[in-house]
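Reproduced below: data_23.txt, with compact mmCIF, C-alpha atoms and all ligand atoms.
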```
# COMPACT_ATOMS: atom_id res chain seq x y z
CA MET N 1 16.49 -23.80 -26.07
CA ALA N 2 14.35 -20.63 -26.15
CA VAL N 3 14.06 -18.83 -22.79
CA ASP N 4 10.63 -17.52 -21.85
CA VAL N 5 10.29 -13.79 -21.43
CA LYS N 6 8.60 -12.95 -18.12
CA LEU N 7 6.57 -9.83 -17.56
CA GLN N 8 7.05 -7.93 -14.32
CA LYS N 9 5.05 -4.95 -13.06
CA ILE N 10 7.15 -2.19 -11.53
CA MET N 11 5.22 0.06 -9.17
CA ILE N 12 5.91 3.74 -9.57
CA ASP N 13 4.66 6.91 -8.05
CA GLY N 14 3.88 9.24 -10.93
CA GLY N 15 3.67 12.31 -8.70
CA PHE N 16 -0.10 12.55 -8.88
CA THR N 17 -2.48 13.51 -6.12
CA CYS N 18 -6.08 12.51 -5.71
CA PRO N 19 -9.34 14.47 -6.00
CA ASN N 20 -10.44 13.04 -2.68
CA ARG N 21 -7.47 14.67 -0.98
CA ASP N 22 -6.95 17.96 -2.75
CA GLY N 23 -10.51 19.22 -2.30
CA ARG N 24 -11.94 18.69 -5.78
CA VAL N 25 -14.10 15.86 -4.46
CA GLY N 26 -13.16 15.84 -0.82
CA ARG N 27 -10.40 16.25 1.73
CA GLY N 28 -8.75 13.70 3.94
CA GLY N 29 -9.18 10.86 1.47
CA CYS N 30 -10.97 7.55 1.76
CA SER N 31 -11.14 6.49 5.38
CA PHE N 32 -9.09 3.32 4.81
CA CYS N 33 -6.35 4.98 2.78
CA LEU N 34 -2.80 5.45 3.92
CA CYS N 35 -0.79 5.86 0.75
CA GLU N 36 2.55 5.20 2.50
CA SER N 37 1.39 1.62 2.97
CA PHE N 38 1.58 0.62 -0.66
CA ASN N 39 4.77 2.10 -2.05
CA PRO N 40 7.54 -0.47 -2.25
CA GLN N 41 11.07 0.36 -1.18
CA TYR N 42 12.30 1.23 -4.68
CA CYS N 43 9.37 3.56 -5.41
CA ARG N 44 10.12 7.06 -4.18
CA ARG N 45 8.17 10.17 -5.06
CA HIS N 46 11.29 12.37 -5.16
CA SER N 47 12.88 10.20 -7.88
CA SER N 48 11.95 10.68 -11.52
CA ILE N 49 9.67 8.14 -13.16
CA ALA N 50 12.59 6.75 -15.19
CA GLU N 51 14.75 6.47 -12.04
CA GLN N 52 12.00 4.59 -10.21
CA ILE N 53 11.66 2.14 -13.08
CA GLU N 54 15.42 1.60 -13.28
CA ALA N 55 15.46 0.99 -9.51
CA GLY N 56 12.61 -1.50 -9.96
CA LYS N 57 14.49 -3.25 -12.76
CA ASP N 58 17.51 -3.55 -10.46
CA PHE N 59 15.31 -4.93 -7.69
CA PHE N 60 13.85 -7.64 -9.94
CA ARG N 61 16.98 -8.19 -12.05
CA ASN N 62 17.67 -11.76 -10.93
CA LYS N 63 14.08 -12.97 -10.75
CA TYR N 64 14.02 -14.46 -14.27
CA PRO N 65 16.63 -14.77 -17.04
CA ARG N 66 14.69 -12.64 -19.54
CA MET N 67 12.26 -9.94 -18.47
CA ARG N 68 10.10 -7.16 -19.83
CA TYR N 69 8.32 -4.60 -17.68
CA LEU N 70 5.01 -2.86 -17.23
CA ALA N 71 5.18 0.56 -15.57
CA TYR N 72 2.54 0.40 -12.86
CA PHE N 73 1.39 3.90 -11.93
CA GLN N 74 -0.03 2.80 -8.64
CA ALA N 75 0.10 5.61 -6.09
CA TYR N 76 -2.83 8.00 -5.66
CA THR N 77 -4.95 8.64 -8.79
CA SER N 78 -2.80 8.16 -11.85
CA THR N 79 -5.17 9.71 -14.39
CA TYR N 80 -5.76 12.84 -12.31
CA ALA N 81 -3.91 15.57 -14.24
CA PRO N 82 -4.35 17.45 -17.51
CA VAL N 83 -3.94 15.16 -20.51
CA ASP N 84 -0.67 16.75 -21.66
CA VAL N 85 0.82 16.10 -18.20
CA LEU N 86 -0.41 12.51 -18.29
CA ARG N 87 1.09 12.03 -21.75
CA ARG N 88 4.50 13.32 -20.62
CA ARG N 89 4.57 11.10 -17.54
CA TYR N 90 3.39 7.98 -19.35
CA ASP N 91 5.86 8.62 -22.17
CA GLU N 92 8.71 8.98 -19.70
CA ALA N 93 7.90 5.48 -18.45
CA LEU N 94 7.54 4.02 -21.94
CA ALA N 95 10.91 5.44 -22.98
CA VAL N 96 12.73 3.21 -20.48
CA GLU N 97 14.32 0.20 -22.13
CA ASP N 98 12.29 -3.03 -21.93
CA VAL N 99 9.11 -1.30 -20.73
CA ILE N 100 6.36 -2.61 -22.96
CA GLY N 101 3.28 -1.04 -21.42
CA LEU N 102 1.43 0.71 -18.65
CA VAL N 103 -0.84 -0.24 -15.81
CA VAL N 104 -2.71 2.85 -14.64
CA ALA N 105 -4.47 2.84 -11.28
CA THR N 106 -7.30 5.28 -10.88
CA ARG N 107 -10.76 5.96 -9.47
CA PRO N 108 -13.99 5.76 -11.46
CA ASP N 109 -14.66 9.49 -11.48
CA CYS N 110 -11.26 10.14 -13.10
CA VAL N 111 -11.93 8.04 -16.19
CA ASP N 112 -13.28 10.08 -19.07
CA ASP N 113 -13.08 10.23 -22.86
CA ASP N 114 -9.97 12.45 -22.89
CA VAL N 115 -8.03 10.07 -20.66
CA LEU N 116 -9.23 7.03 -22.58
CA SER N 117 -8.34 8.62 -25.93
CA LEU N 118 -4.80 9.11 -24.62
CA LEU N 119 -4.62 5.50 -23.43
CA ASP N 120 -6.01 4.34 -26.77
CA SER N 121 -3.34 6.30 -28.63
CA ILE N 122 -0.66 4.57 -26.51
CA ARG N 123 -2.14 1.18 -27.38
CA GLU N 124 -2.08 2.14 -31.06
CA ARG N 125 1.67 2.64 -30.69
CA GLY N 126 1.87 -1.05 -29.79
CA TYR N 127 2.05 -0.82 -26.00
CA SER N 128 -0.05 -2.80 -23.55
CA VAL N 129 -2.38 -0.67 -21.40
CA THR N 130 -4.52 -1.81 -18.48
CA VAL N 131 -6.64 0.33 -16.18
CA GLU N 132 -6.83 -0.67 -12.50
CA LEU N 133 -10.11 0.71 -11.26
CA GLY N 134 -10.67 1.21 -7.54
CA CYS N 135 -14.38 0.52 -7.15
CA GLU N 136 -13.91 -0.86 -3.60
CA SER N 137 -17.65 -1.42 -3.03
CA PHE N 138 -20.79 -1.40 -5.16
CA TYR N 139 -22.95 -0.13 -2.27
CA ASP N 140 -23.52 3.63 -2.19
CA ARG N 141 -24.12 3.57 1.56
CA THR N 142 -20.64 2.08 2.03
CA LEU N 143 -19.02 4.50 -0.40
CA VAL N 144 -20.49 7.39 1.58
CA ARG N 145 -19.41 5.88 4.87
CA ILE N 146 -15.80 5.44 3.78
CA ASN N 147 -15.75 8.94 2.26
CA ARG N 148 -14.98 7.54 -1.14
CA GLY N 149 -16.41 10.53 -2.99
CA HIS N 150 -17.92 8.64 -5.91
CA SER N 151 -20.97 6.47 -6.39
CA ALA N 152 -21.46 2.91 -7.57
CA ALA N 153 -23.01 4.40 -10.73
CA SER N 154 -19.73 6.11 -11.55
CA SER N 155 -17.95 2.74 -11.31
CA VAL N 156 -20.47 1.26 -13.71
CA GLU N 157 -20.01 4.18 -16.11
CA ALA N 158 -16.20 3.97 -16.02
CA LEU N 159 -16.40 0.25 -16.77
CA ARG N 160 -18.75 0.95 -19.66
CA LEU N 161 -16.43 3.59 -21.15
CA CYS N 162 -13.37 1.33 -20.94
CA HIS N 163 -15.27 -1.63 -22.32
CA ALA N 164 -16.52 0.44 -25.29
CA ARG N 165 -12.87 1.03 -26.26
CA GLY N 166 -11.71 -2.48 -25.50
CA ILE N 167 -9.34 -1.28 -22.76
CA PRO N 168 -8.83 -4.06 -20.20
CA VAL N 169 -9.83 -3.16 -16.66
CA THR N 170 -8.96 -4.80 -13.38
CA VAL N 171 -11.53 -3.94 -10.71
CA HIS N 172 -10.40 -3.58 -7.11
CA LEU N 173 -12.85 -4.56 -4.40
CA ILE N 174 -12.40 -4.48 -0.62
CA LEU N 175 -14.06 -7.24 1.38
CA GLY N 176 -15.05 -6.35 4.94
CA LEU N 177 -15.88 -2.65 4.67
CA PRO N 178 -17.91 -1.36 7.66
CA GLY N 179 -21.60 -2.12 7.64
CA GLU N 180 -21.31 -4.85 4.98
CA SER N 181 -22.41 -8.32 6.02
CA ARG N 182 -21.10 -11.55 4.54
CA ASP N 183 -24.28 -11.79 2.43
CA ASP N 184 -23.87 -8.19 1.23
CA ILE N 185 -20.35 -8.98 0.11
CA LEU N 186 -21.33 -12.17 -1.69
CA ALA N 187 -24.13 -10.32 -3.48
CA GLU N 188 -21.48 -8.04 -4.97
CA ALA N 189 -20.23 -11.03 -6.95
CA ASP N 190 -23.59 -11.05 -8.75
CA MET N 191 -23.35 -7.31 -9.40
CA ILE N 192 -19.88 -7.78 -10.88
CA ASN N 193 -21.08 -10.68 -13.01
CA ALA N 194 -23.55 -8.30 -14.66
CA LEU N 195 -20.81 -5.79 -15.58
CA PRO N 196 -18.11 -5.90 -18.28
CA VAL N 197 -15.44 -7.02 -15.80
CA THR N 198 -12.73 -9.41 -16.94
CA SER N 199 -10.31 -9.17 -14.08
CA LEU N 200 -10.55 -8.58 -10.35
CA LYS N 201 -8.29 -7.91 -7.37
CA LEU N 202 -9.73 -8.73 -3.96
CA HIS N 203 -8.45 -7.11 -0.79
CA GLN N 204 -9.40 -7.79 2.80
CA LEU N 205 -10.07 -4.51 4.60
CA GLN N 206 -6.86 -3.67 6.40
CA ILE N 207 -7.12 -1.34 9.38
CA LEU N 208 -3.94 0.68 9.26
CA ARG N 209 -2.53 2.67 12.14
CA GLY N 210 -3.08 6.36 11.33
CA ALA N 211 -5.88 5.81 8.79
CA ARG N 212 -9.18 7.40 9.76
CA ILE N 213 -10.97 4.08 9.67
CA ALA N 214 -8.81 2.94 12.60
CA GLU N 215 -10.69 5.30 14.89
CA GLU N 216 -14.07 4.08 13.64
CA TRP N 217 -12.94 0.50 14.14
CA GLU N 218 -11.72 1.21 17.70
CA HIS N 219 -15.13 2.64 18.65
CA ASN N 220 -17.43 0.42 16.67
CA LYS N 221 -15.88 -3.00 16.15
CA GLY N 222 -19.32 -4.61 15.90
CA ASP N 223 -19.80 -2.97 12.51
CA PHE N 224 -16.80 -4.73 11.01
CA LEU N 225 -16.39 -8.38 10.07
CA VAL N 226 -13.64 -9.81 12.22
CA PHE N 227 -11.52 -11.88 9.88
CA THR N 228 -9.32 -14.70 10.94
CA MET N 229 -7.19 -16.21 8.22
CA GLU N 230 -9.67 -19.07 7.93
CA SER N 231 -12.81 -16.90 7.86
CA TYR N 232 -11.33 -14.59 5.24
CA ALA N 233 -10.20 -17.52 3.10
CA GLY N 234 -13.70 -19.00 3.34
CA LEU N 235 -15.35 -15.73 2.33
CA ALA N 236 -12.95 -15.07 -0.54
CA ALA N 237 -13.42 -18.64 -1.84
CA ALA N 238 -17.22 -18.34 -1.63
CA PHE N 239 -17.01 -15.01 -3.47
CA VAL N 240 -14.84 -16.37 -6.26
CA ARG N 241 -17.05 -19.43 -6.63
CA ARG N 242 -19.98 -17.11 -7.28
CA LEU N 243 -18.21 -15.20 -10.06
CA ARG N 244 -18.60 -15.90 -13.76
CA ASP N 245 -16.00 -18.41 -14.97
CA ASN N 246 -14.45 -15.88 -17.32
CA ILE N 247 -13.53 -13.37 -14.60
CA HIS N 248 -9.88 -13.75 -13.77
CA VAL N 249 -9.01 -13.14 -10.12
CA GLU N 250 -5.55 -11.61 -10.11
CA ARG N 251 -5.28 -11.12 -6.38
CA PHE N 252 -7.00 -12.71 -3.40
CA VAL N 253 -5.37 -10.96 -0.48
CA SER N 254 -3.44 -7.77 0.30
CA SER N 255 -0.47 -7.13 2.47
CA ALA N 256 0.45 -3.98 4.34
CA PRO N 257 3.62 -3.62 6.41
CA VAL N 258 2.97 -5.47 9.67
CA ASP N 259 4.01 -2.53 11.85
CA MET N 260 1.22 -0.43 10.28
CA LEU N 261 -1.46 -3.09 10.52
CA LEU N 262 -3.91 -3.09 13.44
CA ALA N 263 -6.25 -5.74 11.98
CA PRO N 264 -6.70 -8.32 10.68
CA ARG N 265 -3.41 -9.92 11.60
CA PHE N 266 -3.38 -13.31 9.96
CA GLY N 267 0.06 -14.16 11.30
CA VAL N 268 1.08 -15.80 8.02
CA ARG N 269 2.38 -14.51 4.72
CA PRO N 270 -0.21 -13.52 2.06
CA ALA N 271 0.99 -16.45 -0.06
CA VAL N 272 -0.22 -18.83 2.67
CA VAL N 273 -3.67 -17.18 2.72
CA GLU N 274 -3.86 -17.37 -1.06
CA ALA N 275 -2.84 -21.03 -1.01
CA ARG N 276 -5.63 -21.74 1.48
CA ILE N 277 -8.19 -19.95 -0.73
CA ARG N 278 -7.04 -21.93 -3.75
CA GLU N 279 -7.27 -25.13 -1.76
CA LEU N 280 -10.88 -24.30 -0.79
CA LEU N 281 -11.67 -23.51 -4.43
CA ARG N 282 -10.28 -26.85 -5.56
CA ARG N 283 -12.61 -28.60 -3.13
CA ALA N 284 -15.68 -26.82 -4.48
S1 LIG N 301 -7.66 5.32 -1.84
FE1 LIG N 301 -7.18 6.37 -3.74
S2 LIG N 301 -8.95 7.71 -4.03
FE2 LIG N 301 -8.94 7.15 -1.87
S3 LIG N 301 -7.80 8.76 -0.84
FE3 LIG N 301 -6.38 7.10 -1.30
S4 LIG N 301 -5.47 7.71 -3.24
FE4 LIG N 301 -7.35 8.91 -3.01
```

Turn this file's structure into structure tokens for me.
Ligand code: SF4
Amino acid sequence: MAVDVKLQKIMIDGGFTCPNRDGRVGRGGCSFCLCESFNPQYCRRHSSIAEQIEAGKDFFRNKYPRMRYLAYFQAYTSTYAPVDVLRRRYDEALAVEDVIGLVVATRPDCVDDDVLSLLDSIRERGYSVTVELGCESFYDRTLVRINRGHSAASSVEALRLCHARGIPVTVHLILGLPGESRDDILAEADMINALPVTSLKLHQLQILRGARIAEEWEHNKGDFLVFTMESYAGLAAAFVRRLRDNIHVERFVSSAPVDMLLAPRFGVRPAVVEARIRELLRRA
């Protein structure tokens, strides 16, 4: 009997920085960002890209009988370097046995024709390539408030450029950013419906100890939606219900290490929250 081949993303830190930290766009980064919160145990900046992937393969080795891998350049802004540097780092990942493609996480103002030509050339070599685009909000007033350093228009433009080349994009959106009401958030579903978006990852705003937004939250809690597990599940389900049918929601909820998380603390695993959202969607 044939055994299915399963595809597993392996998160790696490609050694990039971010224009919102090194001064090109801003310093200090987005107010919610604490990069330490999203690197898994096997992903270490001081290891080479190939070593990180091999460590990831070891980590997932027993998950399925037959596996192939996507190298997920997740940390910081993974298109933020000269194109020849990008090519070398992507190629190092693609040279690892059983890696069949890339997932490249970036911000809208770091997507341009040079980067997309490089990604296109990798696709022409037969590899899968997906861009993960951190839009986070489609309200300029929010983007300013969280020190994001780009506008909603730049998200729209990046989506347009990727779409023109047929490069799949997964948009990241944070629900619960300061100053956004439930209605504001739901209206973003309509904005997304009008854009060439095929795939979406939703995150609840997580207030992390040490992130700058933690201070704002401490002093101004009234400007934040206070999510319980049930209220977040209800909002996420209402949001998804409002999306076009052909937008695939890849993620409904995020998880940061509990010791870093000030709020919201759902007290259950992300899988339980996702199951609740799916249950609400089935009832719709
Ligand atoms: S969220 Fe991304 S763009 Fe913002 S500071 Fe962190 S790495 Fe940079």

Review point. What do you get as a VMD selection string if you pick all residues at most 8 Å from ligand LIG 301 (chain N), counting all atoms listed in the file?
Key: chain N and resid 17 to 21 28 to 35 75 to 77 106 to 107 134 148

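Non-sequential neighbours of Arg68 (chain N) (distance at most 9 Å, separation of 6 or more positions within a chain, all atoms listed in the file) are Val5, Lys6, Leu7, Gln8, Lys9, Glu97, Asp98, Val99 and Ile100 of chain N.
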
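With CA of Asp112 (chain N) on one side and CA of Leu161 (chain N) on the other, the separation reads 7.5 Å.
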
Check your understanding: CA of His46 (chain N) and CA of Phe16 (chain N) are how many Å apart?
Key -> 12.0 Å

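Going from CA of Ala189 (chain N) over to CA of His203 (chain N), you cover 13.9 Å.
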